[in-house]
Amino acid sequence: FFFFNDTATTEIYTEQIVGSVRCVQETDMDEQIDAVLMPVISRAIIKRGKNRILKFSGQDLDLHPNFKLIMHTKLSNPHYPPEIQAEATLINFTVTESGLGDQLLSLVVKKERPDLAKKKSELIQQQNEFKIKLKELEDGLLYKLANATGDILADVELIENLEESKKISKEISIKVEIAKTTEVKINEASEEYRPAASRGALVFFLMSDLNKIHTFYMYSLESFVIVVNRAIDRVNEHEGGSKKGVPKQLKSPLKKQTEQEDGQLKDGEEAQKENGDKEQDQDGEANGGQKGEQLEDGQKENGAKLELQQQQEEEAEEEEVQVLSPRSLRKRVEKLTESITFESFNYVRRGLFEKHKTIVSTMLCLRIQERQGILTLDEVNHLIIGKIELNSPPIPEQLRFLTEMIWSSVRALESLSVFHGIAQNLQDEYLQWKKWFQEEKAEVADLPRNFREISKFHRLLLLRAMRPDRLSSALVQYLADALGQQYTEQSPFSMETTYEETSPQIPIFFVLFPGVDPTPDVERQGAKYDISISNGKFTNISMGQGQEDRAKDAIFQAAKEGNWIMLQNVHLMESWLKLFERYLEQVQETAHPMFRCFISSEPPPFPSMKIIPESILQNCIKVANEAPQDLKANIRRAYAKFDDETLKKSSKPNEFKAILFGLCMFHSLILGRKKFGSQGWSRVYNFNDGDLRICADVLYNYLERYEVVPYDDLRYIFGEIMYGGHITDNWDRRTNRTYLKVLIKPELLQNAPIIPGFKSPDPAKFDYSAYAKYIEEKLPQESPIVFGLHPNAEINYLTAQTEMIFSTIIEVSGGAGGSGTSKKDEGVRGLIDDFKKRLPKKYNIFDIKEKIKEMEPYTIVALQECERMNTLLKEIDISLEELKLGLEGALNITDAMENLSRNLQLNRVPDTWEKYAYFSKKPLSSWFNDLIERTIQLHDWTKEMIMPKSLCISYFFNPMSFLTAIMQKTARLNNLPLDDMTIQTNVTGFKEHEEIQNYAENGYFIHGLYLEGASWEPGPSGNDGYLIDQKLKELHPKLPVVNVIAVRTANKKTIGQYDCPVY
């Protein structure tokens, strides 16, 4: 049997042994199988006479009928092409949750009750011996019967052996029954530890799912078992090292029965010896006499030693089997369960990105509480999916402060018994609900009387429906209450604690983030063991081109001599990492006990991108010591890039200190804006510490060169070249310039405010340490206002954060949980029937064309929109019908059908529909209602080919086509060049399009636009209105009807106009 771990070696040896009775196994395969092995895999065999010939590697080889090829991979979820799956027999050795629970139960019992584990092992061995003995008796009896001569009844010896076999068989049967009873009692005692084992299995399968969030989150069962052992040891350490067992009265009968079994087994063996062959009896007696003499001599020589050993064993047994009442045992198991849960979670959390920590703890909490029966599946689904009612009635007049989405979500809550009647209660007590709805921190505010006593989880459901912006804060508090404060608050990273968990076989994998360098932590830890670069015991290699051989030699040398090695930026050597994986496997087998390997890598650009081999990630201790991203942490870290000498070296120290401090604030603010999403920056920009350092150098040079500080030049260099070099959007560039205009100015030397509530200190009175202290003590609490944003920006940010949390949970879980396939299918059938019933009919293009009197620009737009709508309606109708037939068994279920079914359950627009649809981010239910509204507008337009007085611009597949049609229409009427035409918008005094009585005199009326980041104030007596600041909690106010006209470019009105993007 040959094992190989690379295709080249397999190819060489397969040539030699393909014609022999040998077996070849290729281990640690990747997803790509070398083409040279395909003739063997596909069994491309040619028959030549009696010989079977296999063409392999350019040769014709005789194939032995017993030749085998076994391929093995460590990949957790490999994807092989169909031909491999068709030709090879696939065996999945992945453990199931119940199977892992049994394995962990055996591990926990072995650690907690080694006596039970040992006894169970002895029982298994005893049962096997019984089976072997019965088989020997049966074979011996059949052999003698087959070889007997003459009359069998006259063969006294045969009859005696038959009787003896019968007697031993009965005795063994009795012992087997006793052993079964004993095994049941041992299992019952072991089952007391089942909760701890089941929790461990639950946590491991949660860990296994995390790679769907990011490819760095991979864990092996081998590593997890080490964590479980450490968790059990922590409980023992906490309790002073004592081992707890089950009550003594439970063990005593087991021990008594075991002694009886041993005695009966010895009696059976002695009886067999007495009635056996006479010569064997004599030999046995002689041997027994010799053994007795030897034992007597041994007792004389080692008597005192044996007595001492026996006494120690008895004392150890008495200590091991302490009396535990059922209540104490239950508490012990609860401690074990909690320890396994937290140690496993902490092991995972140490390697998580900051944005994923709440997600993982939420998933853990929900799975635990659902398993314990605290939460129902329907309640969990309501929280994760955020269910809404598809055909909810119109919002009552007194509840106009709610949006349609919130009203639909509240209506959906009524399916839960706790919230039965909530929609009616909202109408009856609308003033109290409105007051709660407008609270800044609704998660801690008092609810209206009828719902004041609901549980904390049901309050989460209410926040999910009505105030999703406050859900993330409430969720963290809920996790702290349900699991413990330690699951939401993480202690600072400790290299010493992490090092204690390492070994020569377990490297540490650091995830690199801007502003974080793990090297000093590793060097400080190494200094405690006299390991440093200076004495040659620590090797630090920054990976890059040409470093491969040096890294290989250093790995083998360090493993041999017990040194430390750190390989940084391994993400730059993706092609070499497969070799590195093999080097680690080789050296770990014989590595020096002091050998340690440290690895660092930046995360890949996309979470699903694989750059590090799976086995490395699974076996490493992952550390993601991500720097905090709040304003104080950012400015603290930015200012720490400089020191007192930097401030003193300038010939204009006051100006240098003041502007440098403003520059650090600017750097911190533009980094902090990222969390506000598209309201912060239109695109994601990689501002880094290098930009800050270079700008500081430019500042120093300009101050030394010029007598008067060139503020305009500095702002231009900082905003357009250094930081501006990252920026590609004009709106973002304008924001960047505005920040610099406020922060880099002469008033910095005169205590000018740089952000609300925070003034620039007097540089003449402040040195480096004073500035650092000023940051810690005077910096105001972070809020959108500090960044120059409206408070509503935080609502958008927090709402997006909530959606990100639960959308990620849905992706990881493969959708919400289900209570059986039949129930899921039934729900999907209901949705299919509802959508098909409400699906609008397709437009008859020929009938529409017959109604057209003149093919003008507006008519062409209408035809284009109808054709696109027909394509979308056709796709929806066909896909829903196919899925319905698939669920009924008339068609085979395809991947497209499964995806459609899953999206229907999750209230998401299917990808196949989005392909032919318009741009939209709405959930499926709202999207479908929106689709109906779009078809109504098209129907009104094409019914008699008479245009409505105002059109909803948002209902077009291609809005720009209608705006172009306005320019074409105007250009033709006035005989103007189309290339010189542009669009001008005039906001009218019509709040709703229903108020319009006549067509626009010039251009056309449009509606359906909303504002973000501002509100509209109508002018007096219907005159022109103007933009004002957003109103609190009014995120997207509706813009009045707009009159779009086409004018020549030179005549476009620019004074009093705000140029902003529309999407």
# chains A, B, ... in the order shown; residues from 1 in each chain; ligands from 1

call {"tool": "residues_around", "arguments": {"residues": "stretch 133-150 of chain A", "least_positions_apart": "5", "cutoff": "10 Å", "atoms": "only C-alpha atoms", "output": "list in words"}}
result
Gln127, Asn128, Asp155, Leu158, Asn161, Leu162, Glu164, Ser165, Lys166, Ile168, Ser169, Ile172 and Ser173 of chain A

call {"tool": "write_last_selection", "arguments": {"atoms": "N, CA, C and O atoms", "output": "mmCIF file, in the first residue's frame"}}
result
data_model
loop_
_atom_site.group_PDB
_atom_site.id
_atom_site.type_symbol
_atom_site.label_atom_id
_atom_site.label_comp_id
_atom_site.auth_asym_id
_atom_site.auth_seq_id
_atom_site.Cartn_x
_atom_site.Cartn_y
_atom_site.Cartn_z
ATOM 1 N N GLN A 127 -16.923 -8.278 25.875
ATOM 2 C CA GLN A 127 -17.941 -8.756 24.928
ATOM 3 C C GLN A 127 -17.276 -9.353 23.690
ATOM 4 O O GLN A 127 -17.714 -10.389 23.174
ATOM 5 N N ASN A 128 -16.216 -8.728 23.238
ATOM 6 C CA ASN A 128 -15.499 -9.270 22.078
ATOM 7 C C ASN A 128 -14.864 -10.612 22.400
ATOM 8 O O ASN A 128 -14.861 -11.533 21.566
ATOM 9 N N ASP A 155 -18.868 -42.178 21.169
ATOM 10 C CA ASP A 155 -17.653 -41.386 21.394
ATOM 11 C C ASP A 155 -17.838 -40.562 22.669
ATOM 12 O O ASP A 155 -18.435 -39.481 22.660
ATOM 13 N N LEU A 158 -16.249 -37.027 22.732
ATOM 14 C CA LEU A 158 -17.004 -36.068 21.949
ATOM 15 C C LEU A 158 -18.244 -35.598 22.702
ATOM 16 O O LEU A 158 -18.570 -34.402 22.722
ATOM 17 N N ASN A 161 -17.169 -33.227 25.471
ATOM 18 C CA ASN A 161 -16.844 -31.892 24.933
ATOM 19 C C ASN A 161 -18.104 -31.130 24.547
ATOM 20 O O ASN A 161 -18.192 -29.910 24.741
ATOM 21 N N LEU A 162 -19.091 -31.859 24.006
ATOM 22 C CA LEU A 162 -20.349 -31.229 23.642
ATOM 23 C C LEU A 162 -21.053 -30.672 24.870
ATOM 24 O O LEU A 162 -21.546 -29.526 24.860
ATOM 25 N N GLU A 164 -19.640 -29.923 27.714
ATOM 26 C CA GLU A 164 -18.837 -28.832 28.270
ATOM 27 C C GLU A 164 -19.041 -27.537 27.476
ATOM 28 O O GLU A 164 -19.175 -26.449 28.036
ATOM 29 N N SER A 165 -19.094 -27.651 26.149
ATOM 30 C CA SER A 165 -19.332 -26.478 25.307
ATOM 31 C C SER A 165 -20.686 -25.856 25.597
ATOM 32 O O SER A 165 -20.842 -24.635 25.650
ATOM 33 N N LYS A 166 -21.663 -26.744 25.801
ATOM 34 C CA LYS A 166 -23.009 -26.260 26.109
ATOM 35 C C LYS A 166 -23.019 -25.502 27.441
ATOM 36 O O LYS A 166 -23.635 -24.438 27.572
ATOM 37 N N ILE A 168 -20.401 -23.999 28.948
ATOM 38 C CA ILE A 168 -19.680 -22.730 28.830
ATOM 39 C C ILE A 168 -20.515 -21.715 28.077
ATOM 40 O O ILE A 168 -20.553 -20.519 28.409
ATOM 41 N N SER A 169 -21.227 -22.188 27.045
ATOM 42 C CA SER A 169 -22.075 -21.286 26.267
ATOM 43 C C SER A 169 -23.157 -20.668 27.131
ATOM 44 O O SER A 169 -23.441 -19.472 27.026
ATOM 45 N N ILE A 172 -21.544 -18.082 29.395
ATOM 46 C CA ILE A 172 -21.225 -16.850 28.666
ATOM 47 C C ILE A 172 -22.485 -16.044 28.405
ATOM 48 O O ILE A 172 -22.496 -14.811 28.507
ATOM 49 N N SER A 173 -23.581 -16.742 28.091
ATOM 50 C CA SER A 173 -24.850 -16.034 27.854
ATOM 51 C C SER A 173 -25.290 -15.271 29.095
ATOM 52 O O SER A 173 -25.773 -14.137 29.017
#

call {"tool": "residues_around", "arguments": {"residues": "A:Arg934", "least_positions_apart": "2", "cutoff": "9 Å", "atoms": "only C-alpha atoms", "output": "number ranges by chain"}}
result
A: 929-932, 936-939, 952, 954-956

call {"tool": "write_last_selection", "arguments": {"atoms": "N, CA, C and O atoms", "output": "PDB file, in the first residue's frame"}}
result
ATOM      1  N   ASN A 929     -45.248  44.562  -5.371  1.00  0.00           N
ATOM      2  CA  ASN A 929     -46.264  45.626  -5.352  1.00  0.00           C
ATOM      3  C   ASN A 929     -45.851  46.790  -6.245  1.00  0.00           C
ATOM      4  O   ASN A 929     -46.676  47.394  -6.932  1.00  0.00           O
ATOM      5  N   ASP A 930     -44.546  47.084  -6.211  1.00  0.00           N
ATOM      6  CA  ASP A 930     -44.013  48.146  -7.060  1.00  0.00           C
ATOM      7  C   ASP A 930     -44.157  47.783  -8.534  1.00  0.00           C
ATOM      8  O   ASP A 930     -44.465  48.631  -9.380  1.00  0.00           O
ATOM      9  N   LEU A 931     -43.957  46.506  -8.863  1.00  0.00           N
ATOM     10  CA  LEU A 931     -44.130  46.029 -10.236  1.00  0.00           C
ATOM     11  C   LEU A 931     -45.567  46.272 -10.719  1.00  0.00           C
ATOM     12  O   LEU A 931     -45.790  46.722 -11.855  1.00  0.00           O
ATOM     13  N   ILE A 932     -46.527  45.988  -9.852  1.00  0.00           N
ATOM     14  CA  ILE A 932     -47.933  46.197 -10.212  1.00  0.00           C
ATOM     15  C   ILE A 932     -48.200  47.681 -10.477  1.00  0.00           C
ATOM     16  O   ILE A 932     -48.895  48.041 -11.434  1.00  0.00           O
ATOM     17  N   ILE A 936     -49.555  49.500 -13.931  1.00  0.00           N
ATOM     18  CA  ILE A 936     -50.748  50.367 -13.952  1.00  0.00           C
ATOM     19  C   ILE A 936     -50.448  51.658 -14.709  1.00  0.00           C
ATOM     20  O   ILE A 936     -51.255  52.128 -15.524  1.00  0.00           O
ATOM     21  N   GLN A 937     -49.271  52.263 -14.456  1.00  0.00           N
ATOM     22  CA  GLN A 937     -48.906  53.487 -15.169  1.00  0.00           C
ATOM     23  C   GLN A 937     -48.787  53.220 -16.665  1.00  0.00           C
ATOM     24  O   GLN A 937     -49.279  54.010 -17.494  1.00  0.00           O
ATOM     25  N   LEU A 938     -48.152  52.084 -17.025  1.00  0.00           N
ATOM     26  CA  LEU A 938     -48.025  51.760 -18.444  1.00  0.00           C
ATOM     27  C   LEU A 938     -49.390  51.498 -19.073  1.00  0.00           C
ATOM     28  O   LEU A 938     -49.646  51.876 -20.228  1.00  0.00           O
ATOM     29  N   HIS A 939     -50.265  50.831 -18.342  1.00  0.00           N
ATOM     30  CA  HIS A 939     -51.605  50.538 -18.855  1.00  0.00           C
ATOM     31  C   HIS A 939     -52.386  51.828 -19.099  1.00  0.00           C
ATOM     32  O   HIS A 939     -53.054  51.991 -20.135  1.00  0.00           O
ATOM     33  N   CYS A 952     -44.517  58.985 -13.271  1.00  0.00           N
ATOM     34  CA  CYS A 952     -43.554  58.642 -12.203  1.00  0.00           C
ATOM     35  C   CYS A 952     -42.250  58.225 -12.864  1.00  0.00           C
ATOM     36  O   CYS A 952     -42.170  57.158 -13.480  1.00  0.00           O
ATOM     37  N   SER A 954     -39.599  57.198 -11.597  1.00  0.00           N
ATOM     38  CA  SER A 954     -38.984  56.028 -10.968  1.00  0.00           C
ATOM     39  C   SER A 954     -39.550  54.721 -11.502  1.00  0.00           C
ATOM     40  O   SER A 954     -38.994  53.657 -11.230  1.00  0.00           O
ATOM     41  N   TYR A 955     -40.673  54.783 -12.238  1.00  0.00           N
ATOM     42  CA  TYR A 955     -41.304  53.563 -12.744  1.00  0.00           C
ATOM     43  C   TYR A 955     -40.772  53.135 -14.110  1.00  0.00           C
ATOM     44  O   TYR A 955     -41.228  52.144 -14.660  1.00  0.00           O
ATOM     45  N   PHE A 956     -39.811  53.873 -14.660  1.00  0.00           N
ATOM     46  CA  PHE A 956     -39.254  53.522 -15.960  1.00  0.00           C
ATOM     47  C   PHE A 956     -38.100  52.526 -15.804  1.00  0.00           C
ATOM     48  O   PHE A 956     -37.315  52.608 -14.858  1.00  0.00           O
TER      49      PHE A 956
END

call {"tool": "residues_around", "arguments": {"residues": "A:Asp62", "least_positions_apart": "6", "cutoff": "7 Å", "atoms": "only C-alpha atoms", "output": "ChimeraX atom specification"}}
result
/A:19,51-54

call {"tool": "atom_distance", "arguments": {"atom1": "atom CA of A:Ser600", "atom2": "atom CA of A:Pro504"}}
result
17.0 Å

call {"tool": "residues_around", "arguments": {"residues": "A:Pro653", "least_positions_apart": "2", "cutoff": "12 Å", "atoms": "only C-alpha atoms", "output": "list of chain:residue names"}}
result
A:Asp644, A:Glu645, A:Thr646, A:Leu647, A:Lys648, A:Lys649, A:Ser650, A:Ser651, A:Glu655, A:Phe656, A:Lys657, A:Ala658, A:Ile659, A:Leu660, A:Phe661, A:Leu699, A:Tyr700, A:Leu703, A:Glu704, A:Leu749, A:Asp762, A:Pro763, A:Ala764, A:Lys765, A:Phe766, A:Asp767, A:Tyr768

call {"tool": "write_last_selection", "arguments": {"atoms": "C-alpha atoms", "output": "PDB file, in the first residue's frame"}}
result
ATOM      1  CA  ASP A 644       8.055  65.194  20.692  1.00  0.00           C
ATOM      2  CA  GLU A 645      11.178  65.426  18.525  1.00  0.00           C
ATOM      3  CA  THR A 646       8.999  65.764  15.416  1.00  0.00           C
ATOM      4  CA  LEU A 647       7.247  68.781  16.916  1.00  0.00           C
ATOM      5  CA  LYS A 648      10.466  70.478  18.020  1.00  0.00           C
ATOM      6  CA  LYS A 649      12.431  70.153  14.785  1.00  0.00           C
ATOM      7  CA  SER A 650      10.427  72.826  12.946  1.00  0.00           C
ATOM      8  CA  SER A 651      11.587  76.454  12.937  1.00  0.00           C
ATOM      9  CA  GLU A 655       2.336  76.686  13.318  1.00  0.00           C
ATOM     10  CA  PHE A 656       3.670  73.148  12.862  1.00  0.00           C
ATOM     11  CA  LYS A 657       1.987  71.829  16.032  1.00  0.00           C
ATOM     12  CA  ALA A 658      -1.360  73.473  15.280  1.00  0.00           C
ATOM     13  CA  ILE A 659      -1.545  72.415  11.626  1.00  0.00           C
ATOM     14  CA  LEU A 660      -0.275  68.904  12.386  1.00  0.00           C
ATOM     15  CA  PHE A 661      -3.004  68.514  14.999  1.00  0.00           C
ATOM     16  CA  LEU A 699       3.977  70.504   5.991  1.00  0.00           C
ATOM     17  CA  TYR A 700       7.454  70.607   7.541  1.00  0.00           C
ATOM     18  CA  LEU A 703       7.009  75.799   6.721  1.00  0.00           C
ATOM     19  CA  GLU A 704      10.794  75.770   6.427  1.00  0.00           C
ATOM     20  CA  LEU A 749      -3.445  79.125  16.397  1.00  0.00           C
ATOM     21  CA  ASP A 762      -3.073  76.975  21.979  1.00  0.00           C
ATOM     22  CA  PRO A 763       0.161  75.546  20.487  1.00  0.00           C
ATOM     23  CA  ALA A 764       2.299  77.948  22.515  1.00  0.00           C
ATOM     24  CA  LYS A 765       1.110  76.319  25.737  1.00  0.00           C
ATOM     25  CA  PHE A 766       0.916  72.689  24.584  1.00  0.00           C
ATOM     26  CA  ASP A 767       3.674  70.177  24.030  1.00  0.00           C
ATOM     27  CA  TYR A 768       3.362  66.626  22.670  1.00  0.00           C
TER      28      TYR A 768
END

call {"tool": "residues_around", "arguments": {"residues": "A:Asp732", "least_positions_apart": "6", "cutoff": "10 Å", "atoms": "only C-alpha atoms", "output": "JSON, numbers by chain"}}
result
{"A": [679, 680, 681, 682, 683, 724, 738]}

call {"tool": "atom_distance", "arguments": {"atom1": "atom CA of A:Lys118", "atom2": "atom CA of A:Tyr193"}}
result
16.2 Å

call {"tool": "select_by_dssp", "arguments": {"residues": "stretch 447-492 of chain A", "states": "alpha helix (DSSP H)", "output": "list of chain:residue names"}}
result
A:Lys456, A:Phe457, A:His458, A:Arg459, A:Leu460, A:Leu461, A:Leu462, A:Leu463, A:Arg464, A:Ala465, A:Met466, A:Leu471, A:Ser472, A:Ser473, A:Ala474, A:Leu475, A:Val476, A:Gln477, A:Tyr478, A:Leu479, A:Ala480, A:Asp481, A:Ala482

call {"tool": "residues_around", "arguments": {"residues": "stretch 618-628 of chain A", "least_positions_apart": "5", "cutoff": "10 Å", "atoms": "only C-alpha atoms", "output": "PyMOL selection string"}}
result
chain A and resi 216-224+347-354+492-495+498-499+501-502+505-518+597-600+603+613+633-634+637

call {"tool": "closest_residue", "arguments": {"among": "A:Leu906, A:Val184, A:Leu976, A:Leu336", "to": "A:His382", "atoms": "only C-alpha atoms"}}
result
A:Leu906

call {"tool": "residues_around", "arguments": {"residues": "stretch 1027-1032 of chain A", "least_positions_apart": "5", "cutoff": "9 Å", "atoms": "only C-alpha atoms", "output": "ChimeraX atom specification"}}
result
/A:790-792,1012-1018,1037,1058

call {"tool": "decode", "arguments": {"residues": "stretch 400-422 of chain A", "atoms": "N, CA, C and O atoms", "output": "PDB file, in the first residue's frame"}}
result
ATOM      1  N   ARG A 400     -49.978  57.737  10.143  1.00  0.00           N
ATOM      2  CA  ARG A 400     -49.206  58.211   9.008  1.00  0.00           C
ATOM      3  C   ARG A 400     -47.740  58.457   9.356  1.00  0.00           C
ATOM      4  O   ARG A 400     -46.911  58.666   8.468  1.00  0.00           O
ATOM      5  N   PHE A 401     -47.402  58.428  10.631  1.00  0.00           N
ATOM      6  CA  PHE A 401     -45.992  58.582  11.008  1.00  0.00           C
ATOM      7  C   PHE A 401     -45.191  57.312  10.710  1.00  0.00           C
ATOM      8  O   PHE A 401     -43.968  57.300  10.800  1.00  0.00           O
ATOM      9  N   LEU A 402     -45.883  56.211  10.366  1.00  0.00           N
ATOM     10  CA  LEU A 402     -45.224  54.962   9.984  1.00  0.00           C
ATOM     11  C   LEU A 402     -45.098  54.892   8.467  1.00  0.00           C
ATOM     12  O   LEU A 402     -45.917  55.437   7.735  1.00  0.00           O
ATOM     13  N   THR A 403     -44.079  54.188   8.005  1.00  0.00           N
ATOM     14  CA  THR A 403     -43.937  53.931   6.570  1.00  0.00           C
ATOM     15  C   THR A 403     -44.699  52.662   6.200  1.00  0.00           C
ATOM     16  O   THR A 403     -45.104  51.883   7.073  1.00  0.00           O
ATOM     17  N   GLU A 404     -44.875  52.453   4.910  1.00  0.00           N
ATOM     18  CA  GLU A 404     -45.578  51.253   4.448  1.00  0.00           C
ATOM     19  C   GLU A 404     -44.838  49.990   4.864  1.00  0.00           C
ATOM     20  O   GLU A 404     -45.459  48.989   5.231  1.00  0.00           O
ATOM     21  N   MET A 405     -43.508  50.022   4.809  1.00  0.00           N
ATOM     22  CA  MET A 405     -42.717  48.856   5.196  1.00  0.00           C
ATOM     23  C   MET A 405     -42.907  48.522   6.678  1.00  0.00           C
ATOM     24  O   MET A 405     -43.077  47.366   7.047  1.00  0.00           O
ATOM     25  N   ILE A 406     -42.889  49.537   7.524  1.00  0.00           N
ATOM     26  CA  ILE A 406     -43.074  49.319   8.959  1.00  0.00           C
ATOM     27  C   ILE A 406     -44.480  48.777   9.227  1.00  0.00           C
ATOM     28  O   ILE A 406     -44.655  47.834  10.020  1.00  0.00           O
ATOM     29  N   TRP A 407     -45.475  49.332   8.554  1.00  0.00           N
ATOM     30  CA  TRP A 407     -46.851  48.873   8.756  1.00  0.00           C
ATOM     31  C   TRP A 407     -47.010  47.409   8.340  1.00  0.00           C
ATOM     32  O   TRP A 407     -47.643  46.615   9.042  1.00  0.00           O
ATOM     33  N   SER A 408     -46.392  47.020   7.231  1.00  0.00           N
ATOM     34  CA  SER A 408     -46.447  45.620   6.787  1.00  0.00           C
ATOM     35  C   SER A 408     -45.728  44.700   7.775  1.00  0.00           C
ATOM     36  O   SER A 408     -46.164  43.575   8.020  1.00  0.00           O
ATOM     37  N   SER A 409     -44.626  45.173   8.345  1.00  0.00           N
ATOM     38  CA  SER A 409     -43.884  44.371   9.329  1.00  0.00           C
ATOM     39  C   SER A 409     -44.696  44.190  10.607  1.00  0.00           C
ATOM     40  O   SER A 409     -44.701  43.102  11.205  1.00  0.00           O
ATOM     41  N   VAL A 410     -45.378  45.249  11.049  1.00  0.00           N
ATOM     42  CA  VAL A 410     -46.210  45.155  12.248  1.00  0.00           C
ATOM     43  C   VAL A 410     -47.365  44.183  12.020  1.00  0.00           C
ATOM     44  O   VAL A 410     -47.695  43.364  12.883  1.00  0.00           O
ATOM     45  N   ARG A 411     -47.977  44.249  10.833  1.00  0.00           N
ATOM     46  CA  ARG A 411     -49.066  43.328  10.515  1.00  0.00           C
ATOM     47  C   ARG A 411     -48.579  41.879  10.535  1.00  0.00           C
ATOM     48  O   ARG A 411     -49.292  40.978  10.987  1.00  0.00           O
ATOM     49  N   ALA A 412     -47.332  41.649  10.089  1.00  0.00           N
ATOM     50  CA  ALA A 412     -46.785  40.286  10.093  1.00  0.00           C
ATOM     51  C   ALA A 412     -46.558  39.767  11.505  1.00  0.00           C
ATOM     52  O   ALA A 412     -46.649  38.560  11.756  1.00  0.00           O
ATOM     53  N   LEU A 413     -46.280  40.668  12.452  1.00  0.00           N
ATOM     54  CA  LEU A 413     -46.060  40.253  13.841  1.00  0.00           C
ATOM     55  C   LEU A 413     -47.303  39.629  14.462  1.00  0.00           C
ATOM     56  O   LEU A 413     -47.209  38.865  15.424  1.00  0.00           O
ATOM     57  N   GLU A 414     -48.472  39.934  13.931  1.00  0.00           N
ATOM     58  CA  GLU A 414     -49.709  39.425  14.513  1.00  0.00           C
ATOM     59  C   GLU A 414     -49.823  37.911  14.413  1.00  0.00           C
ATOM     60  O   GLU A 414     -50.636  37.302  15.088  1.00  0.00           O
ATOM     61  N   SER A 415     -49.001  37.278  13.564  1.00  0.00           N
ATOM     62  CA  SER A 415     -49.019  35.815  13.474  1.00  0.00           C
ATOM     63  C   SER A 415     -48.461  35.160  14.733  1.00  0.00           C
ATOM     64  O   SER A 415     -48.685  33.974  14.970  1.00  0.00           O
ATOM     65  N   LEU A 416     -47.733  35.943  15.553  1.00  0.00           N
ATOM     66  CA  LEU A 416     -47.231  35.441  16.834  1.00  0.00           C
ATOM     67  C   LEU A 416     -48.260  35.775  17.918  1.00  0.00           C
ATOM     68  O   LEU A 416     -48.793  36.892  17.963  1.00  0.00           O
ATOM     69  N   SER A 417     -48.498  34.816  18.798  1.00  0.00           N
ATOM     70  CA  SER A 417     -49.542  34.989  19.815  1.00  0.00           C
ATOM     71  C   SER A 417     -49.278  36.189  20.719  1.00  0.00           C
ATOM     72  O   SER A 417     -50.213  36.875  21.154  1.00  0.00           O
ATOM     73  N   VAL A 418     -48.008  36.481  20.988  1.00  0.00           N
ATOM     74  CA  VAL A 418     -47.663  37.594  21.882  1.00  0.00           C
ATOM     75  C   VAL A 418     -48.135  38.923  21.306  1.00  0.00           C
ATOM     76  O   VAL A 418     -48.526  39.832  22.048  1.00  0.00           O
ATOM     77  N   PHE A 419     -48.106  39.044  19.992  1.00  0.00           N
ATOM     78  CA  PHE A 419     -48.441  40.320  19.345  1.00  0.00           C
ATOM     79  C   PHE A 419     -49.832  40.309  18.707  1.00  0.00           C
ATOM     80  O   PHE A 419     -50.123  41.137  17.845  1.00  0.00           O
ATOM     81  N   HIS A 420     -50.650  39.391  19.139  1.00  0.00           N
ATOM     82  CA  HIS A 420     -52.000  39.339  18.572  1.00  0.00           C
ATOM     83  C   HIS A 420     -52.753  40.635  18.909  1.00  0.00           C
ATOM     84  O   HIS A 420     -52.823  41.048  20.057  1.00  0.00           O
ATOM     85  N   GLY A 421     -53.278  41.283  17.882  1.00  0.00           N
ATOM     86  CA  GLY A 421     -54.036  42.517  18.076  1.00  0.00           C
ATOM     87  C   GLY A 421     -53.190  43.765  18.135  1.00  0.00           C
ATOM     88  O   GLY A 421     -53.699  44.847  18.476  1.00  0.00           O
ATOM     89  N   ILE A 422     -51.910  43.685  17.780  1.00  0.00           N
ATOM     90  CA  ILE A 422     -51.033  44.862  17.900  1.00  0.00           C
ATOM     91  C   ILE A 422     -51.409  45.941  16.884  1.00  0.00           C
ATOM     92  O   ILE A 422     -51.310  47.136  17.171  1.00  0.00           O
TER      93      ILE A 422
END
